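Chemist: This is the structure I want to talk about, given as structure tokens.
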Amino acid sequence: MVECSIRYQLEYYNTYKKSWSAIRTTLRTFSTQFDLMKDIRVRVYTLLSGPCTNNTVVQSTNYTELIQNPPRTGVKDTEVQDFLCVFYNMEYMECKWRRSPKTPAGSQHNLYFWHKELEQAVECPKYLISAGVRSGCSFRGKSLPDFTDINFCINGSAPEGPLRPTFISLQIQNHVKCATTEKLDLQIGQDMQLELNWEHPDGRIPGHCLEWEVEHTKENPNGKTALIHPKQTSLTFPAFNDDERNCFRVRSKLHKYCADRSFWSDWSPPTCYPEKEVAVDREWDILPVYVCIALAIIAMLVLFLCIWAALRMNKSRQLKKVDSFLSSL
């Protein structure tokens, strides 16, 4: 019998990319990441090549297929909702979720995670508590590696039985939220141009990984708001009209060359030119005058009362002397 080499073509539906992926291998095992909350679909074909096929690759007509549905164990409709992880300024990560409205009273959720550096799944190091129940998990320091698939399972128990589990997989560098930019400097430069400068937010994120967005708002009857995406931490604007007030805010996120995606930071406090004059309430401005007048009137009344009392006492003494003289006669 003429010899032929045997290989296998494995095809699986990649739920993350929403398309089929395929590999060819001589091995009989293969590992990849699946979304355990969705159906797993795998097909395997046999490939022959060599003298027996006239040196052409022949693929089998039939294939072996495996379809595995996500687990449906546990109390129905008790999966957690709105699971979201945020890696704040690359310093600590918090994952939060909401309980399903159909979660029985007295239920308790648990979070477990695993990645390739761990021998077995580990429970959440510190739970976040809201209204007396677990609503999230906090990861401090370097407890999770970046550029590595982290697999989470949120399950739980209730008096009625186990809660339905939720499975999520993510890489932490794709969930970064930068710190807020706090320091903005706005001043008039040469030729009356407006110069805006800001500094990188404090933290571990490298400056070259930051992408910037500047919001420019003109405060006038026809005022407009524009978004600008500068490459540097400075912008220069032409001279503006004196009757026009210009305000700026800055935010940042990780550039696409450092992460597949990320969250925008919160907006910086706005800075404006010209600065808004604080209106002084004229009523409060003249209040000290009213107080002084009132005090002067009170002082004059007290003085008049004192003089009147002194005169009355003096007159009383004189009358007593006259009565004493008359009685002596």
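Residues in the structure tokens are numbered from 1 in each chain, the chains being A, B, ... in the order shown, and ligands are numbered from 1 in the order shown.
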For segment 62-125 of chain A against segment 248-261 of chain A, with a cut-off of 12 Å and counting only C-alpha atoms, what is the closest atom pair and its distance in Å to one decimal for every residue that makes the cut, ordered by chain and number, as JSON lines?

Modeler:
```
{"residue": "A:Val86", "atom": "CA", "partner": "A:Arg261", "partner_atom": "CA", "distance": 11.8}
{"residue": "A:Phe87", "atom": "CA", "partner": "A:Leu254", "partner_atom": "CA", "distance": 11.6}
{"residue": "A:Tyr88", "atom": "CA", "partner": "A:Lys253", "partner_atom": "CA", "distance": 11.2}
{"residue": "A:Asn89", "atom": "CA", "partner": "A:Lys253", "partner_atom": "CA", "distance": 9.7}
{"residue": "A:Met90", "atom": "CA", "partner": "A:Leu254", "partner_atom": "CA", "distance": 10.7}
```

Chemist: Mind dumping a table of every segment 207-271 of chain A residue within 7 Å of segment 196-201 of chain A, with the nearest atom pair and its distance in Å to one decimal, using only C-alpha atoms, sorted by chain and rising number, as a Markdown table?

Modeler:
```
| residue | atom | partner | partner_atom | distance |
| --- | --- | --- | --- | --- |
| A:Gly207 | CA | A:His200 | CA | 6.7 |
| A:Thr233 | CA | A:Trp198 | CA | 5.6 |
| A:Ser234 | CA | A:Asn197 | CA | 4.4 |
| A:Leu235 | CA | A:Leu196 | CA | 5.1 |
| A:Thr236 | CA | A:Leu196 | CA | 6.3 |
```

Chemist: Point out the residue among A:Ser19, A:Gln187, A:Asn54, A:Asn220 with the least atom-to-atom distance to Glu275 of chain A, counting only C-alpha atoms.

Modeler: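 Among the listed residues, A:Gln187 lies closest to Glu275 of chain A.
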
Chemist: Give me the residues near segment 91-102 of chain A as a ChimeraX atom specification, where near means some atom within 9 Å (using only C-alpha atoms) and where sequence neighbours in that chain fewer than 5 positions away do not count.

Modeler: /A:76-86,109,128,134-144,172,175-176,203-204

Chemist: Could you give me the residues within segment 47-251 of chain A that DSSP places in helix (DSSP H, G or I), as an mmCIF file with N, CA and C atoms, in the first residue's frame?

Modeler:
```
data_model
loop_
_atom_site.group_PDB
_atom_site.id
_atom_site.type_symbol
_atom_site.label_atom_id
_atom_site.label_comp_id
_atom_site.auth_asym_id
_atom_site.auth_seq_id
_atom_site.Cartn_x
_atom_site.Cartn_y
_atom_site.Cartn_z
ATOM 1 N N PRO A 51 1.936 10.215 -1.995
ATOM 2 C CA PRO A 51 1.840 9.400 -3.218
ATOM 3 C C PRO A 51 0.460 8.781 -3.422
ATOM 4 N N CYS A 52 -0.242 8.481 -2.324
ATOM 5 C CA CYS A 52 -1.543 7.824 -2.476
ATOM 6 C C CYS A 52 -2.588 8.760 -3.058
ATOM 7 N N THR A 53 -2.346 10.028 -2.994
ATOM 8 C CA THR A 53 -3.309 11.004 -3.528
ATOM 9 C C THR A 53 -2.693 11.792 -4.677
ATOM 10 N N ILE A 172 -6.838 42.383 31.159
ATOM 11 C CA ILE A 172 -7.009 43.594 31.954
ATOM 12 C C ILE A 172 -6.516 44.850 31.247
ATOM 13 N N GLN A 173 -5.534 44.741 30.335
ATOM 14 C CA GLN A 173 -5.038 45.949 29.660
ATOM 15 C C GLN A 173 -6.084 46.561 28.733
ATOM 16 N N ASN A 174 -7.156 45.800 28.434
ATOM 17 C CA ASN A 174 -8.237 46.325 27.598
ATOM 18 C C ASN A 174 -9.363 46.947 28.416
ATOM 19 N N HIS A 175 -9.143 47.082 29.725
ATOM 20 C CA HIS A 175 -10.185 47.631 30.603
ATOM 21 C C HIS A 175 -9.642 48.779 31.458
ATOM 22 N N GLN A 190 2.281 84.858 22.393
ATOM 23 C CA GLN A 190 2.653 85.856 21.380
ATOM 24 C C GLN A 190 1.516 86.050 20.383
ATOM 25 N N ASP A 191 1.431 87.264 19.868
ATOM 26 C CA ASP A 191 0.397 87.619 18.881
ATOM 27 C C ASP A 191 -1.002 87.363 19.419
ATOM 28 N N MET A 192 -1.148 87.479 20.756
ATOM 29 C CA MET A 192 -2.453 87.313 21.404
ATOM 30 C C MET A 192 -3.067 85.936 21.135
ATOM 31 N N GLY A 207 3.425 57.760 29.095
ATOM 32 C CA GLY A 207 2.884 58.897 28.360
ATOM 33 C C GLY A 207 2.622 58.595 26.898
ATOM 34 N N HIS A 208 3.472 57.748 26.269
ATOM 35 C CA HIS A 208 3.291 57.467 24.845
ATOM 36 C C HIS A 208 2.076 56.585 24.580
ATOM 37 N N CYS A 209 1.468 56.031 25.645
ATOM 38 C CA CYS A 209 0.289 55.184 25.468
ATOM 39 C C CYS A 209 -1.017 55.963 25.572
#
```

Chemist: If you run DSSP over the backbone, which residues in segment 194-261 of chain A end up strand (DSSP E or B)? Put them as a ChimeraX atom specification.

Modeler: /A:194-198,210-219,225-228,234-237,245-254

Chemist: Save the residues we just selected, N, CA and C atoms, as a tab-separated table (two decimals), in the first residue's frame?

Modeler:
```
chain	number	residue	atom	x	y	z
A	194	LEU	N	-3.97	82.06	22.10
A	194	LEU	CA	-4.33	81.37	23.32
A	194	LEU	C	-3.60	80.02	23.37
A	195	GLU	N	-2.82	79.81	24.43
A	195	GLU	CA	-2.03	78.60	24.56
A	195	GLU	C	-2.56	77.74	25.70
A	196	LEU	N	-2.89	76.49	25.37
A	196	LEU	CA	-3.39	75.53	26.36
A	196	LEU	C	-2.37	74.42	26.54
A	197	ASN	N	-1.97	74.19	27.79
A	197	ASN	CA	-1.02	73.13	28.13
A	197	ASN	C	-1.58	72.31	29.28
A	198	TRP	N	-1.25	71.02	29.29
A	198	TRP	CA	-1.67	70.15	30.40
A	198	TRP	C	-0.61	69.09	30.63
A	210	LEU	N	-0.92	57.27	25.81
A	210	LEU	CA	-2.13	58.06	26.03
A	210	LEU	C	-2.62	58.73	24.75
A	211	GLU	N	-3.91	58.66	24.56
A	211	GLU	CA	-4.59	59.37	23.47
A	211	GLU	C	-5.45	60.46	24.10
A	212	TRP	N	-5.42	61.67	23.51
A	212	TRP	CA	-6.05	62.82	24.15
A	212	TRP	C	-7.29	63.29	23.39
A	213	GLU	N	-8.20	63.88	24.14
A	213	GLU	CA	-9.36	64.53	23.55
A	213	GLU	C	-9.61	65.83	24.31
A	214	VAL	N	-9.73	66.92	23.56
A	214	VAL	CA	-9.94	68.25	24.14
A	214	VAL	C	-11.31	68.74	23.70
A	215	GLU	N	-12.11	69.20	24.65
A	215	GLU	CA	-13.40	69.79	24.36
A	215	GLU	C	-13.28	71.31	24.43
A	216	HIS	N	-13.61	71.98	23.33
A	216	HIS	CA	-13.51	73.45	23.24
A	216	HIS	C	-14.92	74.01	23.08
A	217	THR	N	-15.32	74.84	24.04
A	217	THR	CA	-16.66	75.43	24.03
A	217	THR	C	-16.56	76.94	23.98
A	218	LYS	N	-17.31	77.55	23.04
A	218	LYS	CA	-17.38	79.01	22.93
A	218	LYS	C	-18.67	79.47	23.59
A	219	GLU	N	-18.52	80.35	24.58
A	219	GLU	CA	-19.69	80.85	25.30
A	219	GLU	C	-20.13	82.17	24.69
A	225	THR	N	-19.54	73.68	20.43
A	225	THR	CA	-18.60	72.80	21.11
A	225	THR	C	-17.90	71.92	20.08
A	226	ALA	N	-16.58	71.88	20.14
A	226	ALA	CA	-15.79	71.08	19.21
A	226	ALA	C	-14.89	70.13	19.98
A	227	LEU	N	-14.67	68.94	19.41
A	227	LEU	CA	-13.76	67.96	20.00
A	227	LEU	C	-12.49	67.90	19.16
A	228	ILE	N	-11.35	68.01	19.82
A	228	ILE	CA	-10.05	68.02	19.14
A	228	ILE	C	-9.23	66.86	19.67
A	234	SER	N	-0.37	69.95	24.29
A	234	SER	CA	-0.48	71.40	24.16
A	234	SER	C	-1.26	71.73	22.89
A	235	LEU	N	-1.91	72.88	22.90
A	235	LEU	CA	-2.65	73.38	21.76
A	235	LEU	C	-2.52	74.89	21.72
A	236	THR	N	-2.51	75.45	20.50
A	236	THR	CA	-2.46	76.89	20.31
A	236	THR	C	-3.64	77.31	19.44
A	237	PHE	N	-4.34	78.34	19.89
A	237	PHE	CA	-5.51	78.82	19.18
A	237	PHE	C	-5.29	80.28	18.76
A	245	ARG	N	-16.03	84.09	25.35
A	245	ARG	CA	-15.35	83.33	26.41
A	245	ARG	C	-15.15	81.90	25.93
A	246	ASN	N	-13.93	81.40	26.04
A	246	ASN	CA	-13.58	80.07	25.55
A	246	ASN	C	-13.20	79.19	26.73
A	247	CYS	N	-13.81	78.01	26.78
A	247	CYS	CA	-13.56	77.06	27.86
A	247	CYS	C	-13.06	75.73	27.30
A	248	PHE	N	-12.20	75.05	28.07
A	248	PHE	CA	-11.57	73.82	27.61
A	248	PHE	C	-11.60	72.77	28.71
A	249	ARG	N	-11.78	71.50	28.28
A	249	ARG	CA	-11.66	70.35	29.15
A	249	ARG	C	-10.84	69.29	28.42
A	250	VAL	N	-10.14	68.42	29.20
A	250	VAL	CA	-9.26	67.41	28.61
A	250	VAL	C	-9.55	66.05	29.26
A	251	ARG	N	-9.51	65.00	28.45
A	251	ARG	CA	-9.58	63.64	28.97
A	251	ARG	C	-8.67	62.74	28.14
A	252	SER	N	-8.44	61.51	28.59
A	252	SER	CA	-7.50	60.63	27.90
A	252	SER	C	-7.96	59.18	28.00
A	253	LYS	N	-7.37	58.35	27.15
A	253	LYS	CA	-7.55	56.90	27.21
A	253	LYS	C	-6.33	56.25	26.58
A	254	LEU	N	-6.24	54.93	26.69
A	254	LEU	CA	-5.10	54.21	26.11
A	254	LEU	C	-5.20	54.20	24.59
```

Chemist: So what do you get for atom CA of Asp39 of chain A versus atom CA of Ser21 of chain A, distance-wise?

Modeler: 14.9 Å

Chemist: Figure out the distance between atom CA of Leu111 of chain A and atom CA of Asn14 of chain A, please, to one decimal in Å.

Modeler: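 We find that atom CA of Asn14 of chain A and atom CA of Leu111 of chain A lie 25.1 Å from each other.
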
Chemist: Which residue out of A:Trp114, A:Tyr8, A:Phe30, A:Trp267 has the minimum interatomic distance to Thr64 of chain A when only C-alpha atoms are used?

Modeler: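 Nearest to Thr64 of chain A: A:Tyr8.
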
Chemist: What's around segment 146-157 of chain A at 8 Å? Count only C-alpha atoms, leave out sequence neighbours fewer than 3 positions away in its own chain, and write the answer as a ChimeraX atom specification.

Modeler: /A:79-80,107-116,161-173
